[in-house]
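J.: Sending over input.pdb (PDB, C-alpha atoms, pLDDT in the B column).
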```pdb
ATOM      1  CA  LYS A 168     -96.201  -1.272-103.006  1.00 59.00           C
ATOM      2  CA  ALA A 169     -99.708  -1.014-104.449  1.00 75.00           C
ATOM      3  CA  GLY A 170    -100.538   2.169-106.327  1.00 92.00           C
ATOM      4  CA  VAL A 171    -103.592   4.374-106.092  1.00 95.00           C
ATOM      5  CA  THR A 172    -106.691   2.344-106.836  1.00 96.00           C
ATOM      6  CA  GLN A 173    -109.843   3.871-108.228  1.00 97.00           C
ATOM      7  CA  THR A 174    -113.176   2.154-108.626  1.00 97.00           C
ATOM      8  CA  PRO A 175    -115.126   1.790-110.749  1.00 97.00           C
ATOM      9  CA  ARG A 176    -112.952   2.317-113.806  1.00 96.00           C
ATOM     10  CA  TYR A 177    -115.871   2.948-116.135  1.00 97.00           C
ATOM     11  CA  LEU A 178    -119.481   3.805-115.539  1.00 97.00           C
ATOM     12  CA  ILE A 179    -122.457   5.132-117.407  1.00 98.00           C
ATOM     13  CA  LYS A 180    -125.184   7.167-115.772  1.00 98.00           C
ATOM     14  CA  THR A 181    -128.137   9.215-116.966  1.00 98.00           C
ATOM     15  CA  ARG A 182    -128.871  12.849-116.287  1.00 98.00           C
ATOM     16  CA  GLY A 183    -130.263  13.511-112.851  1.00 97.00           C
ATOM     17  CA  GLN A 184    -128.710  10.453-111.252  1.00 98.00           C
ATOM     18  CA  GLN A 185    -125.936  10.551-108.718  1.00 98.00           C
ATOM     19  CA  VAL A 186    -122.621   8.750-108.662  1.00 98.00           C
ATOM     20  CA  THR A 187    -120.040   7.811-106.051  1.00 98.00           C
ATOM     21  CA  LEU A 188    -116.416   7.180-106.960  1.00 98.00           C
ATOM     22  CA  SER A 189    -113.907   5.543-104.678  1.00 98.00           C
ATOM     23  CA  CYS A 190    -110.180   6.018-104.230  1.00 98.00           C
ATOM     24  CA  SER A 191    -107.752   3.966-102.151  1.00 97.00           C
ATOM     25  CA  PRO A 192    -104.473   5.825-101.697  1.00 96.00           C
ATOM     26  CA  ILE A 193    -101.035   4.334-101.399  1.00 95.00           C
ATOM     27  CA  SER A 194    -100.515   2.881 -97.948  1.00 93.00           C
ATOM     28  CA  GLY A 195     -99.217   5.570 -95.610  1.00 90.00           C
ATOM     29  CA  HIS A 196    -100.434   8.480 -97.718  1.00 92.00           C
ATOM     30  CA  ARG A 197    -102.828  10.724 -95.842  1.00 91.00           C
ATOM     31  CA  SER A 198    -103.527  13.333 -98.505  1.00 92.00           C
ATOM     32  CA  VAL A 199    -105.995  12.544-101.280  1.00 95.00           C
ATOM     33  CA  SER A 200    -106.843  14.944-104.092  1.00 95.00           C
ATOM     34  CA  TRP A 201    -109.424  14.702-106.838  1.00 97.00           C
ATOM     35  CA  TYR A 202    -109.202  16.124-110.352  1.00 97.00           C
ATOM     36  CA  GLN A 203    -111.618  16.240-113.261  1.00 98.00           C
ATOM     37  CA  GLN A 204    -110.262  15.889-116.789  1.00 97.00           C
ATOM     38  CA  THR A 205    -112.344  16.838-119.820  1.00 96.00           C
ATOM     39  CA  PRO A 206    -111.340  17.628-123.419  1.00 92.00           C
ATOM     40  CA  GLY A 207    -112.737  21.133-123.112  1.00 90.00           C
ATOM     41  CA  GLN A 208    -111.598  22.243-119.668  1.00 93.00           C
ATOM     42  CA  GLY A 209    -108.548  20.055-119.225  1.00 94.00           C
ATOM     43  CA  LEU A 210    -107.425  19.013-115.768  1.00 96.00           C
ATOM     44  CA  GLN A 211    -109.177  20.842-112.963  1.00 96.00           C
ATOM     45  CA  PHE A 212    -108.722  20.511-109.228  1.00 95.00           C
ATOM     46  CA  LEU A 213    -111.820  19.433-107.339  1.00 97.00           C
ATOM     47  CA  PHE A 214    -110.763  19.087-103.704  1.00 94.00           C
ATOM     48  CA  GLU A 215    -108.173  17.694-101.344  1.00 94.00           C
ATOM     49  CA  TYR A 216    -108.625  15.784 -98.121  1.00 94.00           C
ATOM     50  CA  PHE A 217    -106.118  15.282 -95.361  1.00 92.00           C
ATOM     51  CA  SER A 218    -106.822  13.370 -92.155  1.00 91.00           C
ATOM     52  CA  GLU A 219    -110.563  13.256 -92.923  1.00 94.00           C
ATOM     53  CA  THR A 220    -110.783  17.044 -93.387  1.00 94.00           C
ATOM     54  CA  GLN A 221    -111.206  18.960 -96.601  1.00 94.00           C
ATOM     55  CA  ARG A 222    -108.085  21.061 -96.872  1.00 90.00           C
ATOM     56  CA  ASN A 223    -108.551  22.678-100.282  1.00 90.00           C
ATOM     57  CA  LYS A 224    -111.421  23.128-102.668  1.00 92.00           C
ATOM     58  CA  GLY A 225    -111.615  24.031-106.343  1.00 93.00           C
ATOM     59  CA  ASN A 226    -114.279  26.003-108.164  1.00 93.00           C
ATOM     60  CA  PHE A 227    -116.952  23.390-108.633  1.00 96.00           C
ATOM     61  CA  PRO A 228    -120.643  23.590-107.694  1.00 96.00           C
ATOM     62  CA  GLY A 229    -121.956  22.049-104.517  1.00 96.00           C
ATOM     63  CA  ARG A 230    -123.153  19.001-106.464  1.00 97.00           C
ATOM     64  CA  PHE A 231    -119.574  17.803-106.201  1.00 98.00           C
ATOM     65  CA  SER A 232    -118.673  16.590-102.746  1.00 97.00           C
ATOM     66  CA  GLY A 233    -116.219  14.285-101.140  1.00 97.00           C
ATOM     67  CA  ARG A 234    -115.122  12.710 -97.924  1.00 97.00           C
ATOM     68  CA  GLN A 235    -112.233  10.831 -96.462  1.00 97.00           C
ATOM     69  CA  PHE A 236    -112.334   7.965 -94.030  1.00 96.00           C
ATOM     70  CA  SER A 237    -110.036   7.194 -91.130  1.00 95.00           C
ATOM     71  CA  ASN A 238    -108.069   4.735 -93.282  1.00 94.00           C
ATOM     72  CA  SER A 239    -107.433   7.581 -95.788  1.00 94.00           C
ATOM     73  CA  ARG A 240    -109.691   6.068 -98.425  1.00 97.00           C
ATOM     74  CA  SER A 241    -111.737   8.731-100.139  1.00 98.00           C
ATOM     75  CA  GLU A 242    -114.975   8.967-102.015  1.00 98.00           C
ATOM     76  CA  MET A 243    -116.359  11.676-104.194  1.00 98.00           C
ATOM     77  CA  ASN A 244    -119.999  12.100-105.042  1.00 98.00           C
ATOM     78  CA  VAL A 245    -121.685  13.970-107.843  1.00 98.00           C
ATOM     79  CA  SER A 246    -125.405  14.529-107.480  1.00 96.00           C
ATOM     80  CA  THR A 247    -127.955  15.500-110.115  1.00 97.00           C
ATOM     81  CA  LEU A 248    -125.651  14.559-112.950  1.00 98.00           C
ATOM     82  CA  GLU A 249    -125.426  16.763-116.012  1.00 97.00           C
ATOM     83  CA  LEU A 250    -124.096  15.916-119.458  1.00 97.00           C
ATOM     84  CA  GLY A 251    -121.107  18.157-118.792  1.00 96.00           C
ATOM     85  CA  ASP A 252    -120.051  15.977-115.878  1.00 97.00           C
ATOM     86  CA  SER A 253    -118.854  13.341-118.327  1.00 98.00           C
ATOM     87  CA  ALA A 254    -115.148  13.178-117.631  1.00 98.00           C
ATOM     88  CA  LEU A 255    -112.209  11.213-116.375  1.00 96.00           C
ATOM     89  CA  TYR A 256    -112.024  11.641-112.610  1.00 97.00           C
ATOM     90  CA  LEU A 257    -108.518  11.223-111.281  1.00 96.00           C
ATOM     91  CA  CYS A 258    -107.547  10.638-107.715  1.00 96.00           C
ATOM     92  CA  ALA A 259    -104.066  11.319-106.382  1.00 95.00           C
ATOM     93  CA  SER A 260    -102.396  10.634-103.078  1.00 94.00           C
ATOM     94  CA  SER A 261     -99.273  12.050-101.534  1.00 90.00           C
ATOM     95  CA  TRP A 262     -97.037  11.543 -98.566  1.00 83.00           C
ATOM     96  CA  GLU A 263     -96.385  14.506 -96.370  1.00 74.00           C
ATOM     97  CA  GLY A 264     -93.456  13.289 -94.386  1.00 66.00           C
ATOM     98  CA  ARG A 265     -89.792  14.089 -94.989  1.00 60.00           C
ATOM     99  CA  PRO A 266     -88.136  13.980 -97.413  1.00 59.00           C
ATOM    100  CA  ASN A 267     -90.960  15.141 -99.641  1.00 65.00           C
ATOM    101  CA  THR A 268     -90.539  15.386-103.389  1.00 68.00           C
ATOM    102  CA  GLY A 269     -94.021  16.828-103.778  1.00 76.00           C
ATOM    103  CA  GLU A 270     -95.009  13.966-106.017  1.00 84.00           C
ATOM    104  CA  LEU A 271     -98.665  13.235-106.439  1.00 89.00           C
ATOM    105  CA  PHE A 272     -99.334   9.589-107.255  1.00 92.00           C
ATOM    106  CA  PHE A 273    -102.297   9.319-109.572  1.00 93.00           C
ATOM    107  CA  GLY A 274    -104.665   6.461-110.161  1.00 94.00           C
ATOM    108  CA  GLU A 275    -105.844   5.422-113.611  1.00 93.00           C
ATOM    109  CA  GLY A 276    -109.096   7.270-113.120  1.00 95.00           C
ATOM    110  CA  SER A 277    -112.801   6.609-113.259  1.00 97.00           C
ATOM    111  CA  ARG A 278    -114.329   7.421-116.614  1.00 97.00           C
ATOM    112  CA  LEU A 279    -117.877   8.677-116.179  1.00 98.00           C
ATOM    113  CA  THR A 280    -120.252   8.993-119.106  1.00 98.00           C
ATOM    114  CA  VAL A 281    -123.531  10.812-118.543  1.00 98.00           C
ATOM    115  CA  LEU A 282    -126.261  10.144-121.096  1.00 97.00           C
TER     116      LEU A 282
ATOM    117  CA  ALA B 277    -104.888  34.404-110.682  1.00 80.00           C
ATOM    118  CA  GLN B 278    -102.622  31.542-111.571  1.00 90.00           C
ATOM    119  CA  LYS B 279    -102.363  30.308-115.130  1.00 94.00           C
ATOM    120  CA  VAL B 280    -100.194  27.899-117.098  1.00 97.00           C
ATOM    121  CA  THR B 281     -99.892  28.159-120.863  1.00 97.00           C
ATOM    122  CA  GLN B 282     -98.600  25.422-123.108  1.00 98.00           C
ATOM    123  CA  ALA B 283     -98.831  26.946-126.557  1.00 96.00           C
ATOM    124  CA  GLN B 284     -97.781  23.785-128.366  1.00 97.00           C
ATOM    125  CA  THR B 285    -100.863  21.605-128.703  1.00 97.00           C
ATOM    126  CA  GLU B 286     -99.163  18.810-130.622  1.00 97.00           C
ATOM    127  CA  ILE B 287     -95.597  18.031-131.585  1.00 97.00           C
ATOM    128  CA  SER B 288     -94.421  15.227-133.811  1.00 97.00           C
ATOM    129  CA  VAL B 289     -90.765  14.364-134.270  1.00 97.00           C
ATOM    130  CA  VAL B 290     -88.743  11.471-135.565  1.00 97.00           C
ATOM    131  CA  GLU B 291     -87.102   9.184-133.057  1.00 97.00           C
ATOM    132  CA  LYS B 292     -83.697  10.352-131.789  1.00 97.00           C
ATOM    133  CA  GLU B 293     -84.492  14.011-132.386  1.00 97.00           C
ATOM    134  CA  ASP B 294     -84.344  16.419-129.470  1.00 97.00           C
ATOM    135  CA  VAL B 295     -87.608  18.107-128.570  1.00 98.00           C
ATOM    136  CA  THR B 296     -88.462  21.000-126.256  1.00 98.00           C
ATOM    137  CA  LEU B 297     -91.859  21.500-124.694  1.00 98.00           C
ATOM    138  CA  ASP B 298     -92.611  25.092-123.759  1.00 98.00           C
ATOM    139  CA  CYS B 299     -94.358  26.255-120.625  1.00 98.00           C
ATOM    140  CA  VAL B 300     -95.165  29.790-119.515  1.00 98.00           C
ATOM    141  CA  TYR B 301     -96.855  30.517-116.223  1.00 97.00           C
ATOM    142  CA  GLU B 302     -98.508  33.415-114.431  1.00 96.00           C
ATOM    143  CA  THR B 303     -98.770  33.882-110.702  1.00 94.00           C
ATOM    144  CA  ARG B 304     -98.809  36.718-108.209  1.00 92.00           C
ATOM    145  CA  ASP B 305     -97.240  34.530-105.548  1.00 89.00           C
ATOM    146  CA  THR B 306     -93.573  34.997-104.780  1.00 88.00           C
ATOM    147  CA  THR B 307     -93.182  31.390-103.751  1.00 90.00           C
ATOM    148  CA  TYR B 308     -94.704  28.557-105.698  1.00 92.00           C
ATOM    149  CA  TYR B 309     -94.038  25.153-107.180  1.00 92.00           C
ATOM    150  CA  LEU B 310     -93.744  24.165-110.832  1.00 94.00           C
ATOM    151  CA  PHE B 311     -94.303  20.642-112.113  1.00 94.00           C
ATOM    152  CA  TRP B 312     -94.166  18.479-115.181  1.00 97.00           C
ATOM    153  CA  TYR B 313     -96.382  15.410-115.482  1.00 96.00           C
ATOM    154  CA  LYS B 314     -96.623  12.825-118.246  1.00 96.00           C
ATOM    155  CA  GLN B 315     -99.888  11.120-119.220  1.00 95.00           C
ATOM    156  CA  PRO B 316     -99.416   7.982-121.310  1.00 92.00           C
ATOM    157  CA  PRO B 317    -102.392   6.376-123.091  1.00 87.00           C
ATOM    158  CA  SER B 318    -103.228   4.367-119.958  1.00 84.00           C
ATOM    159  CA  GLY B 319    -104.471   7.623-118.404  1.00 85.00           C
ATOM    160  CA  GLU B 320    -102.650   7.899-115.113  1.00 87.00           C
ATOM    161  CA  LEU B 321    -100.494  10.952-114.657  1.00 92.00           C
ATOM    162  CA  VAL B 322     -96.850  10.278-113.944  1.00 93.00           C
ATOM    163  CA  PHE B 323     -94.806  12.784-111.963  1.00 92.00           C
ATOM    164  CA  LEU B 324     -91.605  13.943-113.637  1.00 94.00           C
ATOM    165  CA  ILE B 325     -90.348  16.870-111.597  1.00 92.00           C
ATOM    166  CA  ARG B 326     -91.211  19.557-109.049  1.00 91.00           C
ATOM    167  CA  ARG B 327     -89.240  22.768-108.696  1.00 91.00           C
ATOM    168  CA  ASN B 328     -89.763  25.485-106.128  1.00 89.00           C
ATOM    169  CA  SER B 329     -89.637  29.098-107.160  1.00 91.00           C
ATOM    170  CA  PHE B 330     -86.461  29.992-105.305  1.00 88.00           C
ATOM    171  CA  ASP B 331     -84.418  27.270-106.950  1.00 86.00           C
ATOM    172  CA  GLU B 332     -83.632  28.306-110.507  1.00 85.00           C
ATOM    173  CA  GLN B 333     -81.001  25.677-111.125  1.00 85.00           C
ATOM    174  CA  ASN B 334     -81.604  23.709-114.266  1.00 86.00           C
ATOM    175  CA  GLU B 335     -81.991  20.002-113.774  1.00 87.00           C
ATOM    176  CA  ILE B 336     -80.992  17.010-115.829  1.00 88.00           C
ATOM    177  CA  SER B 337     -82.259  13.496-115.325  1.00 90.00           C
ATOM    178  CA  GLY B 338     -81.047  11.092-117.963  1.00 94.00           C
ATOM    179  CA  ARG B 339     -82.477  12.216-121.300  1.00 96.00           C
ATOM    180  CA  TYR B 340     -84.726  14.767-119.604  1.00 96.00           C
ATOM    181  CA  SER B 341     -83.758  18.303-118.716  1.00 95.00           C
ATOM    182  CA  TRP B 342     -85.638  21.307-117.422  1.00 95.00           C
ATOM    183  CA  ASN B 343     -84.883  24.984-117.862  1.00 95.00           C
ATOM    184  CA  PHE B 344     -86.482  27.277-115.281  1.00 95.00           C
ATOM    185  CA  GLN B 345     -86.254  31.014-115.973  1.00 94.00           C
ATOM    186  CA  LYS B 346     -88.040  33.162-113.463  1.00 93.00           C
ATOM    187  CA  SER B 347     -87.331  36.314-115.474  1.00 93.00           C
ATOM    188  CA  THR B 348     -89.471  35.055-118.344  1.00 95.00           C
ATOM    189  CA  SER B 349     -91.836  32.931-116.211  1.00 96.00           C
ATOM    190  CA  SER B 350     -90.936  29.863-118.196  1.00 96.00           C
ATOM    191  CA  PHE B 351     -90.263  26.263-117.246  1.00 97.00           C
ATOM    192  CA  ASN B 352     -89.343  24.391-120.409  1.00 97.00           C
ATOM    193  CA  PHE B 353     -88.773  20.669-120.735  1.00 97.00           C
ATOM    194  CA  THR B 354     -86.355  19.075-123.194  1.00 97.00           C
ATOM    195  CA  ILE B 355     -86.136  15.427-124.169  1.00 97.00           C
ATOM    196  CA  THR B 356     -82.839  14.515-125.755  1.00 97.00           C
ATOM    197  CA  ALA B 357     -82.615  11.656-128.246  1.00 97.00           C
ATOM    198  CA  SER B 358     -86.359  11.027-128.105  1.00 97.00           C
ATOM    199  CA  GLN B 359     -87.753   7.508-128.134  1.00 97.00           C
ATOM    200  CA  VAL B 360     -91.102   6.094-129.187  1.00 95.00           C
ATOM    201  CA  VAL B 361     -91.889   5.374-125.518  1.00 94.00           C
ATOM    202  CA  ASP B 362     -91.778   9.120-124.859  1.00 96.00           C
ATOM    203  CA  SER B 363     -95.015   9.504-126.803  1.00 96.00           C
ATOM    204  CA  ALA B 364     -97.580  10.892-124.370  1.00 97.00           C
ATOM    205  CA  VAL B 365     -99.330  14.063-123.314  1.00 97.00           C
ATOM    206  CA  TYR B 366     -97.128  16.250-121.152  1.00 98.00           C
ATOM    207  CA  PHE B 367     -98.541  18.715-118.666  1.00 98.00           C
ATOM    208  CA  CYS B 368     -96.824  21.659-117.083  1.00 97.00           C
ATOM    209  CA  ALA B 369     -98.373  22.770-113.811  1.00 96.00           C
ATOM    210  CA  LEU B 370     -98.179  25.270-110.969  1.00 94.00           C
ATOM    211  CA  SER B 371     -99.241  25.328-107.338  1.00 91.00           C
ATOM    212  CA  GLU B 372     -99.116  27.697-104.416  1.00 85.00           C
ATOM    213  CA  TYR B 373     -96.347  26.985-101.965  1.00 79.00           C
ATOM    214  CA  SER B 374     -98.841  26.532 -99.159  1.00 77.00           C
ATOM    215  CA  SER B 375    -101.211  24.282-101.136  1.00 79.00           C
ATOM    216  CA  ALA B 376     -98.940  21.992-103.079  1.00 77.00           C
ATOM    217  CA  SER B 377    -101.686  19.497-103.875  1.00 82.00           C
ATOM    218  CA  LYS B 378    -103.934  22.121-105.464  1.00 87.00           C
ATOM    219  CA  ILE B 379    -102.305  22.098-108.871  1.00 92.00           C
ATOM    220  CA  ILE B 380    -103.182  24.279-111.821  1.00 94.00           C
ATOM    221  CA  PHE B 381    -102.437  22.356-114.992  1.00 96.00           C
ATOM    222  CA  GLY B 382    -101.708  23.651-118.447  1.00 97.00           C
ATOM    223  CA  SER B 383    -103.671  22.306-121.381  1.00 97.00           C
ATOM    224  CA  GLY B 384    -100.980  19.796-122.251  1.00 97.00           C
ATOM    225  CA  THR B 385     -98.777  19.074-125.244  1.00 98.00           C
ATOM    226  CA  ARG B 386     -99.335  15.841-127.130  1.00 97.00           C
ATOM    227  CA  LEU B 387     -95.944  14.498-128.164  1.00 97.00           C
ATOM    228  CA  SER B 388     -95.697  11.850-130.863  1.00 97.00           C
ATOM    229  CA  ILE B 389     -92.397  10.202-131.594  1.00 97.00           C
ATOM    230  CA  ARG B 390     -92.299   8.506-135.008  1.00 96.00           C
ATOM    231  CA  PRO B 391     -89.987   5.524-135.505  1.00 93.00           C
TER     232      PRO B 391
END
```
Spell out the structure here as structure tokens.
T.:
Amino acid sequence: KAGVTQTPRYLIKTRGQQVTLSCSPISGHRSVSWYQQTPGQGLQFLFEYFSETQRNKGNFPGRFSGRQFSNSRSEMNVSTLELGDSALYLCASSWEGRPNTGELFFGEGSRLTVL
Amino acid sequence: AQKVTQAQTEISVVEKEDVTLDCVYETRDTTYYLFWYKQPPSGELVFLIRRNSFDEQNEISGRYSWNFQKSTSSFNFTITASQVVDSAVYFCALSEYSSASKIIFGSGTRLSIRP
């Protein structure tokens, strides 16, 4: 069974640009969550999508947005990039059937560097 | 507000020693989930355990064990007979019962096992 796939793995952008990150969940998983990991702030929840609808949202500015497609694949977008957006962006998927261990399956992340 | 505190930033032990990672949490919710995740150098987070707040039974899985004490708001993790492969960053985390994918992570404990 393929794991969570995130693309691209590494990217470099400059301030003011925008970026789109992609996440393909494990087959059959309908929930996709996004997290930002930085040395200073640690792991922070961005948002969660389920069946193409945003179900939960963290405390990030509106420059951070996401969406989910009918095949459960998800994208997140960051507009008007700032230096502080440099981070590892982790995507996680989960299965909501029964039995449910509550496990989130994480991808290896997309490492964004903003210059 | 929810908060998870991992006071131990780094721990280094010699292989085969037992090691306990501390976790203290704060929440106003009466029902919630607690988690432990492991992050090896590759970057992806690996699920170790989820406990719900009304199940205070300790759990053992091989060399891993978890001690949940609601009275002290602690959820500690012990590795018995540590191995070099246990070297990683370990995160304790908390979520609301109704939003299990919206996880609040602690700052992590970097565990180094020396041969």
J.: Could you pull the residues within 8 Å of Asn244 in chain A, counting all atoms listed in the file, minus those fewer than 2 positions along the same chain, as a list in words?
T.: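 Surrounding residues, per the criterion: Gln185, Val186, Thr187, Leu188, Arg230, Phe231, Ser232, Gly233, Glu242 and Ser246 of chain A.
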J.: What's the separation between CA of Ile389 in chain B and CA of Gly338 in chain B, in Å to one decimal place?
T.: 17.8 Å
J.: Please check the contacts: residues of chain A at most 10 Å away from chain B, using only C-alpha atoms, listed as a ChimeraX atom specification.
T.: /A:171,198-202,206-216,222-225,255,257-261,268-277
J.: Once the PyMOL selection byres ((chain B and resi 391) around 8) is applied to the coordinates I shared, what remains selected? I want it as a VMD selection string.
T.: chain B and resid 290 to 291 359 to 360 389 to 390
J.: Please measure the separation of CA of Thr174 in chain A and CA of Pro228 in chain A, giving the value in Å to one decimal.
T.: 22.7 Å
J.: Evaluate the PyMOL selection byres ((chain A and resi 249) around 12) on the structure here and hand back the selected residues as a list of chain:residue names.
T.: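 Applied to this file, the PyMOL selection byres ((chain A and resi 249) around 12) returns A:Lys180, A:Thr181, A:Arg182, A:Gly183, A:Gln184, A:Gln185, A:Val186, A:Pro228, A:Arg230, A:Phe231, A:Val245, A:Ser246, A:Thr247, A:Leu248, A:Leu250, A:Gly251, A:Asp252, A:Ser253, A:Ala254, A:Leu279, A:Thr280, A:Val281, A:Leu282.
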J.: Please produce a file of those selected residues containing C-alpha atoms, as a short mmCIF file (atom, residue, chain, number, x, y, z; two decimals), in the frame of the given file.
T.:
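Below you can see selection_21.cif, which holds the result:
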```cif
data_model
loop_
_atom_site.label_atom_id
_atom_site.label_comp_id
_atom_site.auth_asym_id
_atom_site.auth_seq_id
_atom_site.Cartn_x
_atom_site.Cartn_y
_atom_site.Cartn_z
CA LYS A 180 -125.18 7.17 -115.77
CA THR A 181 -128.14 9.22 -116.97
CA ARG A 182 -128.87 12.85 -116.29
CA GLY A 183 -130.26 13.51 -112.85
CA GLN A 184 -128.71 10.45 -111.25
CA GLN A 185 -125.94 10.55 -108.72
CA VAL A 186 -122.62 8.75 -108.66
CA PRO A 228 -120.64 23.59 -107.69
CA ARG A 230 -123.15 19.00 -106.46
CA PHE A 231 -119.57 17.80 -106.20
CA VAL A 245 -121.68 13.97 -107.84
CA SER A 246 -125.40 14.53 -107.48
CA THR A 247 -127.96 15.50 -110.12
CA LEU A 248 -125.65 14.56 -112.95
CA LEU A 250 -124.10 15.92 -119.46
CA GLY A 251 -121.11 18.16 -118.79
CA ASP A 252 -120.05 15.98 -115.88
CA SER A 253 -118.85 13.34 -118.33
CA ALA A 254 -115.15 13.18 -117.63
CA LEU A 279 -117.88 8.68 -116.18
CA THR A 280 -120.25 8.99 -119.11
CA VAL A 281 -123.53 10.81 -118.54
CA LEU A 282 -126.26 10.14 -121.10
#
```
J.: How would you write, as an mmCIF file with C-alpha atoms, keeping the file's coordinate frame, the residues chosen by the PyMOL selection byres ((chain B and resi 356) around 9) on this structure?
T.:
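Below is the file that was written, result.cif:
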```cif
data_model
loop_
_atom_site.group_PDB
_atom_site.id
_atom_site.type_symbol
_atom_site.label_atom_id
_atom_site.label_comp_id
_atom_site.auth_asym_id
_atom_site.auth_seq_id
_atom_site.Cartn_x
_atom_site.Cartn_y
_atom_site.Cartn_z
ATOM 1 C CA LYS B 292 -83.697 10.352 -131.789
ATOM 2 C CA GLU B 293 -84.492 14.011 -132.386
ATOM 3 C CA ASP B 294 -84.344 16.419 -129.470
ATOM 4 C CA VAL B 295 -87.608 18.107 -128.570
ATOM 5 C CA THR B 296 -88.462 21.000 -126.256
ATOM 6 C CA GLY B 338 -81.047 11.092 -117.963
ATOM 7 C CA ARG B 339 -82.477 12.216 -121.300
ATOM 8 C CA TYR B 340 -84.726 14.767 -119.604
ATOM 9 C CA SER B 341 -83.758 18.303 -118.716
ATOM 10 C CA THR B 354 -86.355 19.075 -123.194
ATOM 11 C CA ILE B 355 -86.136 15.427 -124.169
ATOM 12 C CA ALA B 357 -82.615 11.656 -128.246
ATOM 13 C CA SER B 358 -86.359 11.027 -128.105
ATOM 14 C CA GLN B 359 -87.753 7.508 -128.134
#
```
J.: Have a look at CA of Phe227 in chain A and CA of Met243 in chain A and let me know their distance in Å, one decimal.
T.: 12.5 Å
J.: If we draw a sphere of 7 Å around (-111.2, 9.6, -98.7), which residues have at least one atom in it when counting all atoms listed in the file? Please report them as a PyMOL selection string.
T.: chain A and resi 190+199+216+219+234-236+239-242
J.: Would you pick out the contacts of Gly195 in chain A at 8 Å or less, using all atoms listed in the file, so that residues sharing its chain but fewer than 2 positions from it are not included, and give the list as a PyMOL selection string?
T.: chain A and resi 193+197+262
J.: Taking all listed atoms of range 230-238 of chain A, build the axis-aligned box, pad each of the six sides by 6 Å, then write its centre and edge lengths in Å to one decimal as JSON.
T.:
```
{"center_x": -115.6, "center_y": 11.9, "center_z": -98.8, "size_x": 27.1, "size_y": 26.3, "size_z": 27.3}
```
J.: Closest to Lys346 in chain B among B:Asp331, B:Asp362, B:Asp298, B:Glu372, using all atoms listed in the file?
T.: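 Checking each candidate against Lys346 in chain B, we get B:Asp331 as the closest.
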J.: Can you patch up range 368-378 of chain B, filling it in to N, CA, C and O atoms, and show the result as a PDB file, in the coordinates of the input?
T.:
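Below you can see rebuild.pdb, which holds the result:
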```pdb
ATOM      1  N   CYS B 368     -97.534  20.770-117.985  1.00 97.00           N
ATOM      2  CA  CYS B 368     -96.824  21.659-117.083  1.00 97.00           C
ATOM      3  C   CYS B 368     -97.843  22.160-116.061  1.00 97.00           C
ATOM      4  O   CYS B 368     -99.032  22.310-116.389  1.00 97.00           O
ATOM      5  N   ALA B 369     -97.405  22.403-114.839  1.00 96.00           N
ATOM      6  CA  ALA B 369     -98.373  22.770-113.811  1.00 96.00           C
ATOM      7  C   ALA B 369     -97.735  23.651-112.746  1.00 96.00           C
ATOM      8  O   ALA B 369     -96.506  23.733-112.636  1.00 96.00           O
ATOM      9  N   LEU B 370     -98.601  24.276-111.959  1.00 94.00           N
ATOM     10  CA  LEU B 370     -98.179  25.270-110.969  1.00 94.00           C
ATOM     11  C   LEU B 370     -99.025  25.115-109.718  1.00 94.00           C
ATOM     12  O   LEU B 370    -100.221  24.800-109.801  1.00 94.00           O
ATOM     13  N   SER B 371     -98.436  25.311-108.557  1.00 91.00           N
ATOM     14  CA  SER B 371     -99.241  25.328-107.338  1.00 91.00           C
ATOM     15  C   SER B 371     -98.691  26.380-106.386  1.00 91.00           C
ATOM     16  O   SER B 371     -97.537  26.780-106.480  1.00 91.00           O
ATOM     17  N   GLU B 372     -99.562  26.811-105.481  1.00 85.00           N
ATOM     18  CA  GLU B 372     -99.116  27.697-104.416  1.00 85.00           C
ATOM     19  C   GLU B 372     -98.184  26.922-103.502  1.00 85.00           C
ATOM     20  O   GLU B 372     -98.303  25.705-103.368  1.00 85.00           O
ATOM     21  N   TYR B 373     -97.298  27.643-102.866  1.00 79.00           N
ATOM     22  CA  TYR B 373     -96.347  26.985-101.965  1.00 79.00           C
ATOM     23  C   TYR B 373     -97.061  26.366-100.772  1.00 79.00           C
ATOM     24  O   TYR B 373     -96.684  25.316-100.278  1.00 79.00           O
ATOM     25  N   SER B 374     -98.137  27.009-100.349  1.00 77.00           N
ATOM     26  CA  SER B 374     -98.841  26.532 -99.159  1.00 77.00           C
ATOM     27  C   SER B 374     -99.883  25.467 -99.478  1.00 77.00           C
ATOM     28  O   SER B 374    -100.419  24.837 -98.571  1.00 77.00           O
ATOM     29  N   SER B 375    -100.194  25.273-100.742  1.00 79.00           N
ATOM     30  CA  SER B 375    -101.211  24.282-101.136  1.00 79.00           C
ATOM     31  C   SER B 375    -100.668  23.461-102.293  1.00 79.00           C
ATOM     32  O   SER B 375    -101.175  23.533-103.414  1.00 79.00           O
ATOM     33  N   ALA B 376     -99.665  22.675-102.002  1.00 77.00           N
ATOM     34  CA  ALA B 376     -98.940  21.992-103.079  1.00 77.00           C
ATOM     35  C   ALA B 376     -99.763  20.949-103.806  1.00 77.00           C
ATOM     36  O   ALA B 376     -99.406  20.534-104.900  1.00 77.00           O
ATOM     37  N   SER B 377    -100.858  20.502-103.199  1.00 82.00           N
ATOM     38  CA  SER B 377    -101.686  19.497-103.875  1.00 82.00           C
ATOM     39  C   SER B 377    -102.737  20.120-104.770  1.00 82.00           C
ATOM     40  O   SER B 377    -103.369  19.434-105.565  1.00 82.00           O
ATOM     41  N   LYS B 378    -102.946  21.423-104.631  1.00 87.00           N
ATOM     42  CA  LYS B 378    -103.934  22.121-105.464  1.00 87.00           C
ATOM     43  C   LYS B 378    -103.191  22.644-106.683  1.00 87.00           C
ATOM     44  O   LYS B 378    -102.666  23.753-106.686  1.00 87.00           O
TER      45      LYS B 378
END
```
